[in-house]
Every structure is written in structure tokens, then in C-alpha cells.
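This report concerns only the one structure given below.
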Amino acid sequence: MSAALPAVVDPYRAIDREPDPRRFAKILEARGKQPGQAQLRRGFLSLVGIRSGMRVLDVGCGTGVVTRDVAARVGTRGAAVGVDPSRALLAVARRQRRAEGPGDGQTFRHGDGLALPFPRASFDIALAVTVLLHVPAGDGLLQEMTRVTRPGGRVAVLDQDFGTFVLDVPDRALTRRIVDGHAERFYAEPWSGRTLVRRLRLAGLRRVSSRAFVVVDRVYDDYVRSILERRVELATRWRIVTAAEGRRWLRSAETAASQGDFFMSLNYYGAVGVRA
Ligand SMILES: C[S@@+](CC[C@H](N)C(=O)[O-])C[C@H]1O[C@@H](n2cnc3c(N)ncnc32)[C@H](O)[C@@H]1O
């Protein structure tokens with residue numbers, strides 16, 4: 001193995017610097033449409049306790065998958081504001097909003113979660129869904145979310161925990177090398193999910209509660225295939241596995257799928273705390 005591994009930076013840190021940002025817009029929209037993901041959002045937004053008429057900020061809103069669900073909950077008397085540093089993703093979010101027609105309180109704003117473009121106490125709730133794990137120095141993002149939330153309001157986060165990624169394929173050692181090798185090199189905090197309660201408390205939030213969500217994928221559709229292919233592509237590039245090992249791993253997942261035995265799952269953790 002050579003010491004000089006090609007650098008790969010998590011594209012979600014700066015989508016607009018990617019050669020094809022639209023690819024990520026498509027991935028986010030495809031993920032949002034998965035039934036397990038829709039159920040996950042319902043569970044998380046219920047934990048957060050969004051009510052009609054509230055002003056809610058969705059930090060790292062991407063193409064607006066979560067913002068749309070928030071808008072439906074706050075209704076026309078409330079506001080669902082999405083903020084994201086990617087202009088390409090925001091363009092997709094705005095296009096979707098226009099396609100749905102006027103009438104709900106969705107708006108989108110360009111901005112970095114580490115320096116949110118809002119005065120203090122602007123929102124009843126600030127939330128971030130699968131954002132924190134991508135952000136180096138993510139505690140700064142929690143501090144900013146706390147700043148823009150009114151006293152008595154809530155700050156809520158939902159993240160994956162890539163220490164819980166499971167896949168039913170025969171070669172366990174190879175699976176560990178690919179899955180753990182990818183997670184360690186790719187995300188700012190691959191085990192983000194389990195850190196959320198502690199980090200919300202560190203940000204000064206009170207009465208922090210949490211919930212675990214297990215998302216299971218048993219259909220080997222384009223979205224799931226892209227998740228596995230991307231891991232193999234990067235694990236090969238990082239020389240964690242050989243190209244032949246990567247192909248063998250993908251084939252074993254495809255074989256399971258062809259027999260109706262595909263099983264993949266990942267835990268997500270949600271946490272919510274009250275602003276002092
Ligand atoms: C995996 S996507 C999640 C998008 C959306 N929350 C969803 O669930 O569909 C991560 C998002 O975090 C955004 N992001 C990355 N760094 C950020 C930062 N410093 N502040 C705010 N958002 C950030 C990315 O642009 C991207 O839209």
C-alpha cells in the first residue's frame with residue numbers, strides 16, 4: 001500500500017464545487033422519496049413538536065425535502081425557512097416550491113450554518129437533518145442554531161450513526177473494511193448519531209430528549225445501489241480494497257437481492273432540547 005492516498009473530501013461540505021452538483025440534488029430527492037425515509041421524517045418531526053403557526057428554520061435544507069414537510073405542519077400562519085450554503089441545491093428547492101404553487105410559508109435563503117444570516121431569537125424551532133455529521137467543527141452550528149432560537153424554543157438534530165450500518169452479505173471482514181473504511185475517511189463525524197444528546201447539552205440546551213430510528217432497506221433500487229457503489233468506488237480509490245474485492249462485494253449484494261434476501265439497515269438518532 002502506498003502512503004499517498006488520493007484525497008477525497010465529503011462533497012456535502014461544498015456541493016457547488018462539485019463538477020455536477022445536480023447529481024447530489026437527485027440523490028437527496030431520491031432519498032427523500034424512500035418510504036423508510038418519509039417515515040423517519042414523520043417520527044423526527046413529531047419528536048420535535050412542530051405546531052401550526054410556528055416559525056421553523058431548517059438548517060442545511062438542501063433541496064427542501066424536510067422543509068416541505070415542515071411547511072405542511074406549520075401551515076399558512078407559520079413559516080418554514082430553509083437555509084443552505086449550496087446555491088445549486090437551493091435552486092432545486094425553489095423550483096419545487098414554485099411547482100407546488102403559492103400558498104404555504106416556505107422560503108429559502110443562502111447561508112452557512114456556522115454564521116446564520118438571522119438575528120437572535122428569530123425562530124420557535126431550529127432543526128438540522130443529516131447535516132451535522134458533514135460539518136467539521138459542527139458544535140459551532142449547534143451554537144448558531146441556539147442563537148437564532150427564541151428562549152423556550154427548541155433546537156433539534158437528526159443524524160445517521162455509521163457505526164450502525166449493517167448489510168447481510170457473507171464476507172463480514174470485507175464488509176467491515178469497506179463500510180468502516182469509508183465512514184472514517186468520509187464524514188466529519190461518522191458516529192454523529194450517538195453524540196447528539198451530549199452535544200446539545202454542551203450547547204446549553206435543557207431537557208434534552210432523544211429517539212432512535214432504524215431504517216431498513218430491503219429493495220435494491222437505484223438509490224440503494226448508488227450507496228453501495230459509491231462505497232466501493234471510494235474504498236478502491238483509497239486502496240482499502242482491490243477492484244476485484246469491490247466487485248465481489250457488490251455481486252454478493254446483487255445476488256442477495258435477486259433471491260429476495262437483500263437486507264441493509266442504518267440507525268438514525270434524533271435529539272431535541274429547549275433553549276434556556
Ligand atoms: C445530506 S444533505 C441533507 C439535506 C437535507 N437536510 C435533507 O435531509 O434532505 C447535507 C446538507 O448540508 C448542507 N451543509 C453542508 N455544510 C453546511 C454548513 N456549514 N451549514 C449549513 N448547511 C451545510 C449541504 O449543502 C447539504 O444540503
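Residues are referred to by chain and number: the chain letter is A, B, ... according to the order shown in the C-alpha cells, the number counts from 1 in that chain, and ligands are numbered separately from 1 in the order shown.
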Wanna dump the chain A-ligand 1 contacts at 8 Å for me, each residue with its shortest atom pair and the distance in Å to one decimal, counting only C-alpha atoms and all ligand atoms, ordered by chain and number, as a tab-separated table?
```
residue	atom	partner	partner_atom_place_in_ligand_line	distance
A:Tyr12	CA	ligand 1	24 (C)	4.8
A:Arg13	CA	ligand 1	15 (C)	4.4
A:Ala14	CA	ligand 1	25 (O)	6.3
A:Ile15	CA	ligand 1	25 (O)	5.9
A:Leu28	CA	ligand 1	9 (O)	5.2
A:Glu29	CA	ligand 1	9 (O)	7.1
A:Arg31	CA	ligand 1	9 (O)	7.5
A:Gly32	CA	ligand 1	9 (O)	6.4
A:Asp58	CA	ligand 1	6 (N)	7.3
A:Val59	CA	ligand 1	21 (C)	5.6
A:Gly60	CA	ligand 1	22 (N)	3.4
A:Cys61	CA	ligand 1	6 (N)	4.2
A:Gly62	CA	ligand 1	27 (O)	3.3
A:Thr63	CA	ligand 1	9 (O)	6.3
A:Gly64	CA	ligand 1	9 (O)	6.3
A:Val65	CA	ligand 1	9 (O)	4.9
A:Val66	CA	ligand 1	8 (O)	5.9
A:Val83	CA	ligand 1	21 (C)	6.9
A:Asp84	CA	ligand 1	22 (N)	4.7
A:Pro85	CA	ligand 1	25 (O)	5.4
A:Ser86	CA	ligand 1	25 (O)	4.9
A:Leu89	CA	ligand 1	27 (O)	6.6
A:Gly111	CA	ligand 1	21 (C)	6.9
A:Asp112	CA	ligand 1	20 (N)	4.1
A:Gly113	CA	ligand 1	20 (N)	3.4
A:Leu114	CA	ligand 1	19 (N)	5.5
A:Ala128	CA	ligand 1	6 (N)	6.2
A:Val129	CA	ligand 1	6 (N)	4.4
A:Thr130	CA	ligand 1	3 (C)	5.1
A:Val131	CA	ligand 1	12 (O)	4.4
A:Leu132	CA	ligand 1	12 (O)	7.5
A:His134	CA	ligand 1	15 (C)	6.1
A:Val135	CA	ligand 1	16 (N)	5.4
A:Gly138	CA	ligand 1	19 (N)	7.8
A:Leu141	CA	ligand 1	20 (N)	7.0
```
Set the distance at 10 Å and use only C-alpha atoms: which residues neighbour range 252-262 of chain A once local chain neighbours fewer than 2 positions away are removed? I'd like the list as an mmCIF file with C-alpha atoms, in the first residue's frame.
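The resulting file, result.cif, is shown below:
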```cif
data_model
loop_
_atom_site.group_PDB
_atom_site.id
_atom_site.type_symbol
_atom_site.label_atom_id
_atom_site.label_comp_id
_atom_site.auth_asym_id
_atom_site.auth_seq_id
_atom_site.Cartn_x
_atom_site.Cartn_y
_atom_site.Cartn_z
ATOM 1 C CA LEU A 167 -25.621 -5.365 5.418
ATOM 2 C CA ASP A 168 -26.392 -9.093 5.182
ATOM 3 C CA VAL A 169 -23.634 -10.378 2.885
ATOM 4 C CA PRO A 170 -21.386 -13.415 3.507
ATOM 5 C CA ASP A 171 -17.961 -11.756 3.778
ATOM 6 C CA ASP A 217 -33.870 -1.194 3.096
ATOM 7 C CA ARG A 218 -34.935 -4.499 1.573
ATOM 8 C CA VAL A 219 -35.343 -3.263 -2.004
ATOM 9 C CA TYR A 220 -32.167 -2.971 -4.050
ATOM 10 C CA ASP A 221 -33.292 0.063 -6.035
ATOM 11 C CA ARG A 225 -27.275 0.587 -5.381
ATOM 12 C CA LEU A 228 -23.025 0.645 -2.164
ATOM 13 C CA ARG A 247 -16.726 -6.142 -7.461
ATOM 14 C CA ARG A 248 -17.141 -9.344 -5.437
ATOM 15 C CA TRP A 249 -18.797 -7.410 -2.602
ATOM 16 C CA LEU A 250 -21.243 -5.695 -4.957
ATOM 17 C CA MET A 264 -29.435 -3.256 4.758
#
```
(request) Rank A:Pro11, A:Gly273, A:Gly101, A:Pro117 by their smallest atom-to-atom distance to Arg206 in chain A, using only C-alpha atoms, and report the top residue only. (result)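 Checking each candidate against Arg206 in chain A, we get A:Gly273 as the closest.
The smallest atom-to-atom distance between Phe44 in chain A and any of A:Arg194, A:Gly181, A:Gly163, A:Val70, using only C-alpha atoms, is found for A:Val70.
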(request) May I have all residues of range 127-230 of chain A that DSSP, computed from the backbone, assigns to strand (DSSP E), given as an MDAnalysis selection string? (result) chainID A and resid 127:129 149:167 206:217
Output file for the selection above: N, CA, C and O atoms, as a compact mmCIF listing (two decimals), in the first residue's frame:
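Generated file (part-v4.txt):
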```
# COMPACT_ATOMS: atom_id res chain seq x y z
N LEU A 127 -33.91 23.33 13.30
CA LEU A 127 -33.58 21.90 13.19
C LEU A 127 -32.59 21.67 12.03
O LEU A 127 -32.45 22.51 11.13
N ALA A 128 -31.90 20.54 12.10
CA ALA A 128 -30.96 20.17 11.03
C ALA A 128 -31.02 18.66 10.85
O ALA A 128 -30.85 17.91 11.82
N VAL A 129 -31.27 18.23 9.63
CA VAL A 129 -31.44 16.81 9.34
C VAL A 129 -30.29 16.31 8.46
O VAL A 129 -30.12 16.79 7.34
N THR A 149 -32.72 30.74 17.93
CA THR A 149 -33.97 30.20 18.51
C THR A 149 -34.36 31.04 19.72
O THR A 149 -33.50 31.43 20.52
N ARG A 150 -35.66 31.31 19.87
CA ARG A 150 -36.10 32.15 20.99
C ARG A 150 -35.98 31.38 22.31
O ARG A 150 -36.08 30.14 22.30
N PRO A 151 -35.80 32.06 23.43
CA PRO A 151 -35.80 31.37 24.72
C PRO A 151 -37.11 30.58 24.87
O PRO A 151 -38.19 31.10 24.54
N GLY A 152 -37.00 29.34 25.31
CA GLY A 152 -38.18 28.48 25.42
C GLY A 152 -38.46 27.71 24.14
O GLY A 152 -39.28 26.78 24.13
N GLY A 153 -37.82 28.11 23.04
CA GLY A 153 -37.96 27.39 21.76
C GLY A 153 -37.08 26.14 21.76
O GLY A 153 -36.42 25.82 22.76
N ARG A 154 -37.07 25.41 20.63
CA ARG A 154 -36.35 24.13 20.61
C ARG A 154 -35.33 24.05 19.47
O ARG A 154 -35.56 24.57 18.38
N VAL A 155 -34.23 23.37 19.78
CA VAL A 155 -33.19 23.07 18.79
C VAL A 155 -33.19 21.55 18.63
O VAL A 155 -33.16 20.82 19.63
N ALA A 156 -33.24 21.09 17.38
CA ALA A 156 -33.37 19.64 17.15
C ALA A 156 -32.45 19.19 16.02
O ALA A 156 -32.28 19.91 15.02
N VAL A 157 -31.87 18.02 16.19
CA VAL A 157 -30.98 17.47 15.16
C VAL A 157 -31.29 15.99 14.94
O VAL A 157 -31.66 15.28 15.87
N LEU A 158 -31.10 15.58 13.69
CA LEU A 158 -31.26 14.16 13.33
C LEU A 158 -30.04 13.79 12.50
O LEU A 158 -29.70 14.49 11.54
N ASP A 159 -29.37 12.70 12.88
CA ASP A 159 -28.20 12.27 12.11
C ASP A 159 -28.11 10.76 12.06
O ASP A 159 -28.56 10.07 12.98
N GLN A 160 -27.44 10.29 11.02
CA GLN A 160 -27.10 8.87 10.97
C GLN A 160 -25.98 8.59 11.97
O GLN A 160 -25.28 9.51 12.41
N ASP A 161 -25.80 7.29 12.25
CA ASP A 161 -24.62 6.85 13.00
C ASP A 161 -24.03 5.70 12.19
O ASP A 161 -24.60 4.61 12.15
N PHE A 162 -22.93 5.99 11.51
CA PHE A 162 -22.38 4.99 10.59
C PHE A 162 -21.64 3.86 11.29
O PHE A 162 -21.14 2.95 10.63
N GLY A 163 -21.62 3.88 12.64
CA GLY A 163 -21.20 2.69 13.38
C GLY A 163 -22.29 1.63 13.40
O GLY A 163 -22.08 0.53 13.93
N THR A 164 -23.45 1.94 12.84
CA THR A 164 -24.59 1.00 12.89
C THR A 164 -25.05 0.57 11.49
O THR A 164 -26.18 0.11 11.33
N PHE A 165 -24.20 0.74 10.50
CA PHE A 165 -24.55 0.36 9.12
C PHE A 165 -24.41 -1.16 9.00
O PHE A 165 -23.33 -1.69 9.19
N VAL A 166 -25.49 -1.86 8.71
CA VAL A 166 -25.38 -3.32 8.57
C VAL A 166 -25.89 -3.76 7.20
O VAL A 166 -26.79 -3.16 6.62
N LEU A 167 -25.28 -4.82 6.73
CA LEU A 167 -25.62 -5.37 5.42
C LEU A 167 -25.46 -6.88 5.52
O LEU A 167 -24.43 -7.35 6.01
N ARG A 206 -31.59 22.65 27.37
CA ARG A 206 -32.16 21.99 28.57
C ARG A 206 -33.12 20.89 28.16
O ARG A 206 -33.65 20.91 27.06
N ARG A 207 -33.40 20.01 29.09
CA ARG A 207 -34.40 18.94 28.91
C ARG A 207 -34.23 18.23 27.55
O ARG A 207 -35.17 18.14 26.75
N VAL A 208 -33.02 17.76 27.30
CA VAL A 208 -32.73 17.13 26.00
C VAL A 208 -33.34 15.73 25.97
O VAL A 208 -33.09 14.91 26.85
N SER A 209 -34.18 15.48 24.97
CA SER A 209 -34.74 14.13 24.81
C SER A 209 -34.27 13.57 23.46
O SER A 209 -33.82 14.32 22.59
N SER A 210 -34.39 12.25 23.31
CA SER A 210 -33.86 11.65 22.08
C SER A 210 -34.70 10.44 21.67
O SER A 210 -35.46 9.91 22.47
N ARG A 211 -34.53 10.06 20.43
CA ARG A 211 -35.21 8.86 19.94
C ARG A 211 -34.36 8.21 18.85
O ARG A 211 -33.71 8.92 18.06
N ALA A 212 -34.36 6.88 18.83
CA ALA A 212 -33.62 6.15 17.79
C ALA A 212 -34.60 5.70 16.71
O ALA A 212 -35.73 5.32 17.01
N PHE A 213 -34.13 5.75 15.48
CA PHE A 213 -34.95 5.30 14.35
C PHE A 213 -34.10 4.31 13.54
O PHE A 213 -32.96 4.64 13.19
N VAL A 214 -34.64 3.15 13.26
CA VAL A 214 -33.91 2.17 12.45
C VAL A 214 -34.52 2.17 11.05
O VAL A 214 -35.72 1.90 10.91
N VAL A 215 -33.70 2.50 10.07
CA VAL A 215 -34.21 2.49 8.69
C VAL A 215 -33.71 1.22 8.02
O VAL A 215 -32.51 0.94 7.99
N VAL A 216 -34.64 0.42 7.51
CA VAL A 216 -34.30 -0.85 6.86
C VAL A 216 -34.61 -0.74 5.37
O VAL A 216 -35.68 -0.27 4.99
N ASP A 217 -33.64 -1.14 4.55
CA ASP A 217 -33.87 -1.19 3.10
C ASP A 217 -33.83 -2.65 2.66
O ASP A 217 -32.81 -3.32 2.84
```
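We find CA of Ala72 in chain A and CA of Leu142 in chain A to be spaced 24.7 Å apart.
As for CA of Gln34 in chain A and CA of Pro19 in chain A, they are spaced 25.9 Å apart.
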